[in-house]
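Q: Next comes the structure file upload.pdb, holding PDB, C-alpha atoms.
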ATOM      1  CA  MET A  22      51.089-156.956  20.122  1.00  0.00           C
ATOM      2  CA  ALA A  23      52.896-154.628  22.498  1.00  0.00           C
ATOM      3  CA  TYR A  24      50.500-153.458  25.180  1.00  0.00           C
ATOM      4  CA  LEU A  25      49.792-149.722  25.136  1.00  0.00           C
ATOM      5  CA  PRO A  26      46.959-148.617  27.448  1.00  0.00           C
ATOM      6  CA  ASN A  27      44.630-147.121  24.828  1.00  0.00           C
ATOM      7  CA  VAL A  28      47.052-144.405  23.715  1.00  0.00           C
ATOM      8  CA  PHE A  29      44.900-143.592  20.688  1.00  0.00           C
ATOM      9  CA  ARG A  30      41.739-143.240  22.798  1.00  0.00           C
ATOM     10  CA  SER A  31      39.768-145.552  20.553  1.00  0.00           C
ATOM     11  CA  PRO A  32      38.144-148.785  21.716  1.00  0.00           C
ATOM     12  CA  LYS A  33      39.665-152.080  20.615  1.00  0.00           C
ATOM     13  CA  SER A  34      36.843-154.492  19.946  1.00  0.00           C
ATOM     14  CA  GLU A  35      38.758-157.373  18.359  1.00  0.00           C
ATOM     15  CA  PHE A  36      41.625-159.448  19.738  1.00  0.00           C
ATOM     16  CA  PHE A  37      43.092-162.772  18.726  1.00  0.00           C
ATOM     17  CA  PRO A  38      41.369-165.304  20.956  1.00  0.00           C
ATOM     18  CA  ILE A  39      43.851-166.742  23.471  1.00  0.00           C
ATOM     19  CA  LEU A  40      44.094-170.525  23.624  1.00  0.00           C
ATOM     20  CA  SER A  41      43.163-171.865  27.061  1.00  0.00           C
ATOM     21  CA  PRO A  42      46.529-172.510  28.766  1.00  0.00           C
ATOM     22  CA  ARG A  43      45.548-176.075  29.720  1.00  0.00           C
ATOM     23  CA  GLN A  44      45.145-176.913  26.019  1.00  0.00           C
ATOM     24  CA  LEU A  45      48.695-175.898  25.043  1.00  0.00           C
ATOM     25  CA  LYS A  46      51.092-178.859  24.855  1.00  0.00           C
ATOM     26  CA  ILE A  47      54.758-179.446  24.050  1.00  0.00           C
ATOM     27  CA  GLY A  48      54.945-180.285  20.342  1.00  0.00           C
ATOM     28  CA  GLU A  49      52.112-177.897  19.402  1.00  0.00           C
ATOM     29  CA  ASP A  50      52.487-176.419  15.900  1.00  0.00           C
ATOM     30  CA  VAL A  51      53.052-172.672  16.258  1.00  0.00           C
ATOM     31  CA  TYR A  52      53.947-169.822  13.951  1.00  0.00           C
ATOM     32  CA  SER A  53      54.973-166.220  14.249  1.00  0.00           C
ATOM     33  CA  PHE A  54      55.444-163.299  11.933  1.00  0.00           C
ATOM     34  CA  GLY A  55      57.016-159.930  12.384  1.00  0.00           C
ATOM     35  CA  TYR A  56      59.562-157.378  11.308  1.00  0.00           C
ATOM     36  CA  PHE A  57      63.232-157.691  12.160  1.00  0.00           C
ATOM     37  CA  SER A  58      66.512-155.984  11.436  1.00  0.00           C
ATOM     38  CA  ILE A  59      69.692-157.956  10.816  1.00  0.00           C
ATOM     39  CA  GLY A  60      72.556-156.114  12.484  1.00  0.00           C
ATOM     40  CA  GLY A  61      70.249-153.603  14.167  1.00  0.00           C
ATOM     41  CA  SER A  62      70.160-151.148  11.269  1.00  0.00           C
ATOM     42  CA  PRO A  63      66.769-149.445  10.803  1.00  0.00           C
ATOM     43  CA  ASN A  64      67.528-149.281   7.070  1.00  0.00           C
ATOM     44  CA  ASN A  65      67.562-153.090   6.785  1.00  0.00           C
ATOM     45  CA  VAL A  66      64.135-153.989   8.173  1.00  0.00           C
ATOM     46  CA  GLU A  67      62.708-157.205   6.760  1.00  0.00           C
ATOM     47  CA  GLN A  68      59.563-159.192   7.392  1.00  0.00           C
ATOM     48  CA  GLY A  69      59.462-162.877   8.156  1.00  0.00           C
ATOM     49  CA  TYR A  70      57.256-165.858   8.914  1.00  0.00           C
ATOM     50  CA  PHE A  71      58.590-168.570  11.221  1.00  0.00           C
ATOM     51  CA  SER A  72      57.043-171.864  12.266  1.00  0.00           C
ATOM     52  CA  GLY A  73      57.763-175.033  14.198  1.00  0.00           C
ATOM     53  CA  LYS A  74      56.747-176.963  17.292  1.00  0.00           C
ATOM     54  CA  ILE A  75      56.991-175.914  20.937  1.00  0.00           C
ATOM     55  CA  ILE A  76      60.117-177.494  22.429  1.00  0.00           C
ATOM     56  CA  ASN A  77      59.446-177.154  26.172  1.00  0.00           C
ATOM     57  CA  PHE A  78      57.842-175.093  28.953  1.00  0.00           C
ATOM     58  CA  PHE A  79      59.819-173.376  31.707  1.00  0.00           C
ATOM     59  CA  GLY A  80      59.666-170.591  34.295  1.00  0.00           C
ATOM     60  CA  HIS A  81      56.279-171.654  35.648  1.00  0.00           C
ATOM     61  CA  GLU A  82      57.928-172.796  38.891  1.00  0.00           C
ATOM     62  CA  ASP A  83      58.483-169.118  39.800  1.00  0.00           C
ATOM     63  CA  GLY A  84      54.849-168.124  39.214  1.00  0.00           C
ATOM     64  CA  VAL A  85      52.401-167.872  36.351  1.00  0.00           C
ATOM     65  CA  ASP A  86      53.740-164.451  35.334  1.00  0.00           C
ATOM     66  CA  GLN A  87      57.103-166.044  34.397  1.00  0.00           C
ATOM     67  CA  ALA A  88      55.642-169.023  32.502  1.00  0.00           C
ATOM     68  CA  SER A  89      57.354-169.290  29.114  1.00  0.00           C
ATOM     69  CA  PHE A  90      58.095-171.762  26.358  1.00  0.00           C
ATOM     70  CA  MET A  91      60.898-172.415  23.892  1.00  0.00           C
ATOM     71  CA  LEU A  92      60.547-172.206  20.114  1.00  0.00           C
ATOM     72  CA  PRO A  93      62.647-174.007  17.463  1.00  0.00           C
ATOM     73  CA  PHE A  94      63.416-170.697  15.720  1.00  0.00           C
ATOM     74  CA  PRO A  95      65.161-167.557  17.005  1.00  0.00           C
ATOM     75  CA  ILE A  96      63.406-164.296  17.825  1.00  0.00           C
ATOM     76  CA  LEU A  97      65.406-161.880  15.689  1.00  0.00           C
ATOM     77  CA  GLU A  98      66.105-158.300  16.776  1.00  0.00           C
ATOM     78  CA  GLY A  99      62.886-156.322  16.408  1.00  0.00           C
ATOM     79  CA  MET A 100      60.553-159.327  16.705  1.00  0.00           C
ATOM     80  CA  SER A 101      60.072-159.045  20.458  1.00  0.00           C
ATOM     81  CA  GLY A 102      56.374-158.546  21.066  1.00  0.00           C
ATOM     82  CA  SER A 103      55.354-160.490  17.967  1.00  0.00           C
ATOM     83  CA  PRO A 104      52.425-162.871  18.393  1.00  0.00           C
ATOM     84  CA  VAL A 105      52.983-166.614  18.537  1.00  0.00           C
ATOM     85  CA  LEU A 106      49.888-168.306  17.119  1.00  0.00           C
ATOM     86  CA  THR A 107      48.489-171.765  16.544  1.00  0.00           C
ATOM     87  CA  TYR A 108      45.490-173.103  14.678  1.00  0.00           C
ATOM     88  CA  HIS A 109      43.109-174.726  17.163  1.00  0.00           C
ATOM     89  CA  ASN A 110      39.503-174.351  15.990  1.00  0.00           C
ATOM     90  CA  GLY A 111      40.679-171.203  14.233  1.00  0.00           C
ATOM     91  CA  PRO A 112      43.702-168.986  14.909  1.00  0.00           C
ATOM     92  CA  LYS A 113      44.588-168.583  18.586  1.00  0.00           C
ATOM     93  CA  LEU A 114      47.248-166.586  20.385  1.00  0.00           C
ATOM     94  CA  VAL A 115      49.495-168.874  22.456  1.00  0.00           C
ATOM     95  CA  GLY A 116      52.455-166.633  23.187  1.00  0.00           C
ATOM     96  CA  LEU A 117      54.296-163.369  22.956  1.00  0.00           C
ATOM     97  CA  ALA A 118      57.844-163.498  21.547  1.00  0.00           C
ATOM     98  CA  ILE A 119      60.415-162.063  23.965  1.00  0.00           C
ATOM     99  CA  GLY A 120      63.945-163.271  23.181  1.00  0.00           C
ATOM    100  CA  ASN A 121      66.340-166.184  22.799  1.00  0.00           C
ATOM    101  CA  ARG A 122      68.258-168.858  24.617  1.00  0.00           C
ATOM    102  CA  SER A 123      71.534-169.993  23.102  1.00  0.00           C
ATOM    103  CA  SER A 124      73.108-173.409  23.299  1.00  0.00           C
ATOM    104  CA  ARG A 125      76.530-174.447  22.036  1.00  0.00           C
ATOM    105  CA  ILE A 126      76.422-177.951  20.645  1.00  0.00           C
ATOM    106  CA  LEU A 127      78.986-180.144  18.934  1.00  0.00           C
ATOM    107  CA  ALA A 128      77.758-180.396  15.369  1.00  0.00           C
ATOM    108  CA  HIS A 129      80.317-182.890  14.003  1.00  0.00           C
ATOM    109  CA  GLU A 130      83.980-183.807  13.721  1.00  0.00           C
ATOM    110  CA  ILE A 131      85.863-184.362  10.483  1.00  0.00           C
ATOM    111  CA  PHE A 132      89.030-186.470  10.226  1.00  0.00           C
ATOM    112  CA  GLU A 133      91.122-186.356   7.070  1.00  0.00           C
ATOM    113  CA  TYR A 134      94.527-187.830   6.279  1.00  0.00           C
ATOM    114  CA  LYS A 135      96.643-185.771   3.890  1.00  0.00           C
ATOM    115  CA  ASP A 136      99.288-188.420   3.389  1.00  0.00           C
ATOM    116  CA  GLY A 137     100.656-191.465   5.164  1.00  0.00           C
ATOM    117  CA  GLN A 138     102.526-189.437   7.830  1.00  0.00           C
ATOM    118  CA  SER A 139     100.251-186.510   8.765  1.00  0.00           C
ATOM    119  CA  GLU A 140      96.754-186.315  10.149  1.00  0.00           C
ATOM    120  CA  PHE A 141      94.323-183.416   9.893  1.00  0.00           C
ATOM    121  CA  LYS A 142      91.427-183.019  12.358  1.00  0.00           C
ATOM    122  CA  GLU A 143      88.684-180.406  12.230  1.00  0.00           C
ATOM    123  CA  THR A 144      85.972-179.881  14.850  1.00  0.00           C
ATOM    124  CA  VAL A 145      82.932-177.749  14.038  1.00  0.00           C
ATOM    125  CA  ASN A 146      80.786-176.183  16.777  1.00  0.00           C
ATOM    126  CA  ARG A 147      77.605-174.220  16.229  1.00  0.00           C
ATOM    127  CA  ILE A 148      75.569-171.906  18.420  1.00  0.00           C
ATOM    128  CA  ILE A 149      71.891-172.726  18.142  1.00  0.00           C
ATOM    129  CA  GLU A 150      69.379-170.047  19.148  1.00  0.00           C
ATOM    130  CA  PHE A 151      65.969-171.063  20.419  1.00  0.00           C
ATOM    131  CA  GLY A 152      63.241-168.431  20.648  1.00  0.00           C
ATOM    132  CA  VAL A 153      61.471-167.739  23.931  1.00  0.00           C
ATOM    133  CA  ALA A 154      57.833-166.649  24.308  1.00  0.00           C
ATOM    134  CA  TYR A 155      55.532-165.944  27.231  1.00  0.00           C
ATOM    135  CA  HIS A 156      53.000-168.717  27.857  1.00  0.00           C
ATOM    136  CA  PRO A 157      49.286-167.842  27.445  1.00  0.00           C
ATOM    137  CA  ALA A 158      48.825-168.181  31.236  1.00  0.00           C
ATOM    138  CA  ALA A 159      51.306-165.308  31.738  1.00  0.00           C
ATOM    139  CA  ILE A 160      49.591-163.193  29.067  1.00  0.00           C
ATOM    140  CA  ILE A 161      46.143-163.744  30.596  1.00  0.00           C
ATOM    141  CA  GLN A 162      47.435-162.866  34.059  1.00  0.00           C
ATOM    142  CA  PHE A 163      49.111-159.685  32.761  1.00  0.00           C
ATOM    143  CA  LEU A 164      45.996-158.526  30.895  1.00  0.00           C
ATOM    144  CA  SER A 165      43.861-159.179  33.990  1.00  0.00           C
ATOM    145  CA  VAL A 166      46.238-157.351  36.358  1.00  0.00           C
ATOM    146  CA  VAL A 167      46.404-154.220  34.178  1.00  0.00           C
ATOM    147  CA  GLY A 168      42.653-154.225  33.650  1.00  0.00           C
ATOM    148  CA  VAL A 169      42.415-155.033  29.946  1.00  0.00           C
ATOM    149  CA  GLY A 170      39.037-156.528  29.160  1.00  0.00           C
ATOM    150  CA  GLY A 171      37.499-157.897  26.020  1.00  0.00           C
ATOM    151  CA  PHE A 172      39.949-160.723  25.386  1.00  0.00           C
ATOM    152  CA  ILE A 173      38.642-164.252  25.005  1.00  0.00           C
ATOM    153  CA  GLU A 174      40.284-167.350  26.491  1.00  0.00           C
ATOM    154  CA  THR A 175      38.941-170.450  24.771  1.00  0.00           C
ATOM    155  CA  ASP A 176      39.620-173.617  22.821  1.00  0.00           C
ATOM    156  CA  GLN A 177      36.471-173.148  20.730  1.00  0.00           C
ATOM    157  CA  ARG A 178      36.015-171.402  17.381  1.00  0.00           C
ATOM    158  CA  VAL A 179      35.634-167.627  17.675  1.00  0.00           C
ATOM    159  CA  GLU A 180      34.502-165.453  14.776  1.00  0.00           C
ATOM    160  CA  VAL A 181      36.824-162.458  14.443  1.00  0.00           C
ATOM    161  CA  SER A 182      36.404-160.267  11.370  1.00  0.00           C
ATOM    162  CA  GLY A 183      39.439-160.409   9.106  1.00  0.00           C
ATOM    163  CA  LEU A 184      40.639-163.753  10.543  1.00  0.00           C
ATOM    164  CA  GLU A 185      39.804-166.900   8.618  1.00  0.00           C
TER     165      GLU A 185
END
How would this structure read if it were set down as structure tokens?
A:
Amino acid sequence: MAYLPNVFRSPKSEFFPILSPRQLKIGEDVYSFGYFSIGGSPNNVEQGYFSGKIINFFGHEDGVDQASFMLPFPILEGMSGSPVLTYHNGPKLVGLAIGNRSSRILAHEIFEYKDGQSEFKETVNRIIEFGVAYHPAAIIQFLSVVGVGGFIETDQRVEVSGLE
């Protein structure tokens, strides 16, 4: 998905259709796939498929080019640039994975008594990572500004060879 301005000098005639930004809603089912490396080692590259529902939109107050949304799964190292897709009258691109937001939440507390005179208390905290992706409005604006043509913005079915 990373944008390279025709470095191979061959025309690109097929793109994932981009879902019209007005059609994308919080709670939309989305999925992403890509390659990642746990610990940053190029010898440990794995592939993965992630899915869930869009949690919220943000960044649009600063301009369309910063419009983003939050995913319920992390974007692991190496997955930046992976497509975020949905199924809306066929597969549609709705985002471009770019990173994470972290949130420390209190998961639970455990109280245990060992005997009648002593008390044991344990508190468990977890860091939850939420993935971040550019909104389709930001992707469309970027493609337009850099002069990429041939992409389709729609909420209708589009026949693309190899995509069912």
Q: What separation in Å, quoted to one decimal, exists between CA of Glu98 in chain A and CA of Glu150 in chain A?
A: 12.4 Å
Q: Take CA of Ile75 in chain A and CA of Leu45 in chain A and report the distance between them in Å, one decimal.
A: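 Answer for the CA of Ile75 in chain A to CA of Leu45 in chain A separation: 9.3 Å.
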Q: What's the separation between CA of Ile173 in chain A and CA of Ala159 in chain A, in Å to one decimal place?
A: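 Going from CA of Ile173 in chain A over to CA of Ala159 in chain A, I get 14.4 Å.
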Q: Evaluate the PyMOL selection byres ((chain A and resi 88) around 10) and record the selected residues as a ChimeraX atom specification, following the chain and residue labels used in the document.
A: /A:78-87,89-90,154-160
Q: Write the residues you've just listed into a file as a CSV table (one decimal), in the coordinates of the input, and include C-alpha atoms for each of them.
A:
chain,number,residue,atom,x,y,z
A,78,PHE,CA,57.8,-175.1,29.0
A,79,PHE,CA,59.8,-173.4,31.7
A,80,GLY,CA,59.7,-170.6,34.3
A,81,HIS,CA,56.3,-171.7,35.6
A,82,GLU,CA,57.9,-172.8,38.9
A,83,ASP,CA,58.5,-169.1,39.8
A,84,GLY,CA,54.8,-168.1,39.2
A,85,VAL,CA,52.4,-167.9,36.4
A,86,ASP,CA,53.7,-164.5,35.3
A,87,GLN,CA,57.1,-166.0,34.4
A,89,SER,CA,57.4,-169.3,29.1
A,90,PHE,CA,58.1,-171.8,26.4
A,154,ALA,CA,57.8,-166.6,24.3
A,155,TYR,CA,55.5,-165.9,27.2
A,156,HIS,CA,53.0,-168.7,27.9
A,157,PRO,CA,49.3,-167.8,27.4
A,158,ALA,CA,48.8,-168.2,31.2
A,159,ALA,CA,51.3,-165.3,31.7
A,160,ILE,CA,49.6,-163.2,29.1
Q: To test your reading of the syntax: which residues would the PyMOL selection byres ((chain A and resi 92-97) around 8) return for the file shown? Reply as a count of residues only.
A: 25
Q: Give me the box for range 97-101 of chain A as AutoDock Vina command-line options, namely the centre and edge lengths in Å to one decimal of a box along x, y and z that holds every listed atom plus 5 Å on each side.
A:
--center_x 63.1 --center_y -159.1 --center_z 18.1 --size_x 16.0 --size_y 15.6 --size_z 14.8
Q: Evaluate the PyMOL selection byres ((chain A and resi 115) around 6) on the structure here and hand back the selected residues as a list in words.
A: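 The output of the PyMOL selection byres ((chain A and resi 115) around 6) on this file is Leu40, Val105, Leu106, Leu114, Gly116 and Pro157 of chain A.
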Q: May I ask which of the residues A:Gln162, A:Pro104, A:Asp176, A:His109 is the closest one to Phe36 in chain A, counting all atoms listed in the file?
A: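 Among the listed residues, A:Pro104 lies closest to Phe36 in chain A.
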Q: Pick the closest to Phe37 in chain A from A:Gly171, A:Gly102, A:Gly55, A:Gly69: which is it, counting all atoms listed in the file?
A: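 That would be A:Gly171, the residue with the smallest distance to Phe37 in chain A.
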Q: Looking at all atoms listed in the file, which of A:Gln138, A:Gly168, A:Ile161, A:Ser53 is the one that sits closest to Ser41 in chain A?
A: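 Comparing A:Gln138, A:Gly168, A:Ile161, A:Ser53 against Ser41 in chain A, the winner is A:Ile161.
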Q: Using all atoms listed in the file, can you tell me which of A:Val51, A:Val179, A:Val169, A:Ile39 comes closest to Tyr108 in chain A?
A: A:Val51
Q: Pick out the closest residue to Asp50 in chain A from this set: A:Thr107, A:Asp136, A:Ser165, A:Lys113. Count all atoms listed in the file.
A: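 Result for the nearest residue to Asp50 in chain A: A:Thr107.
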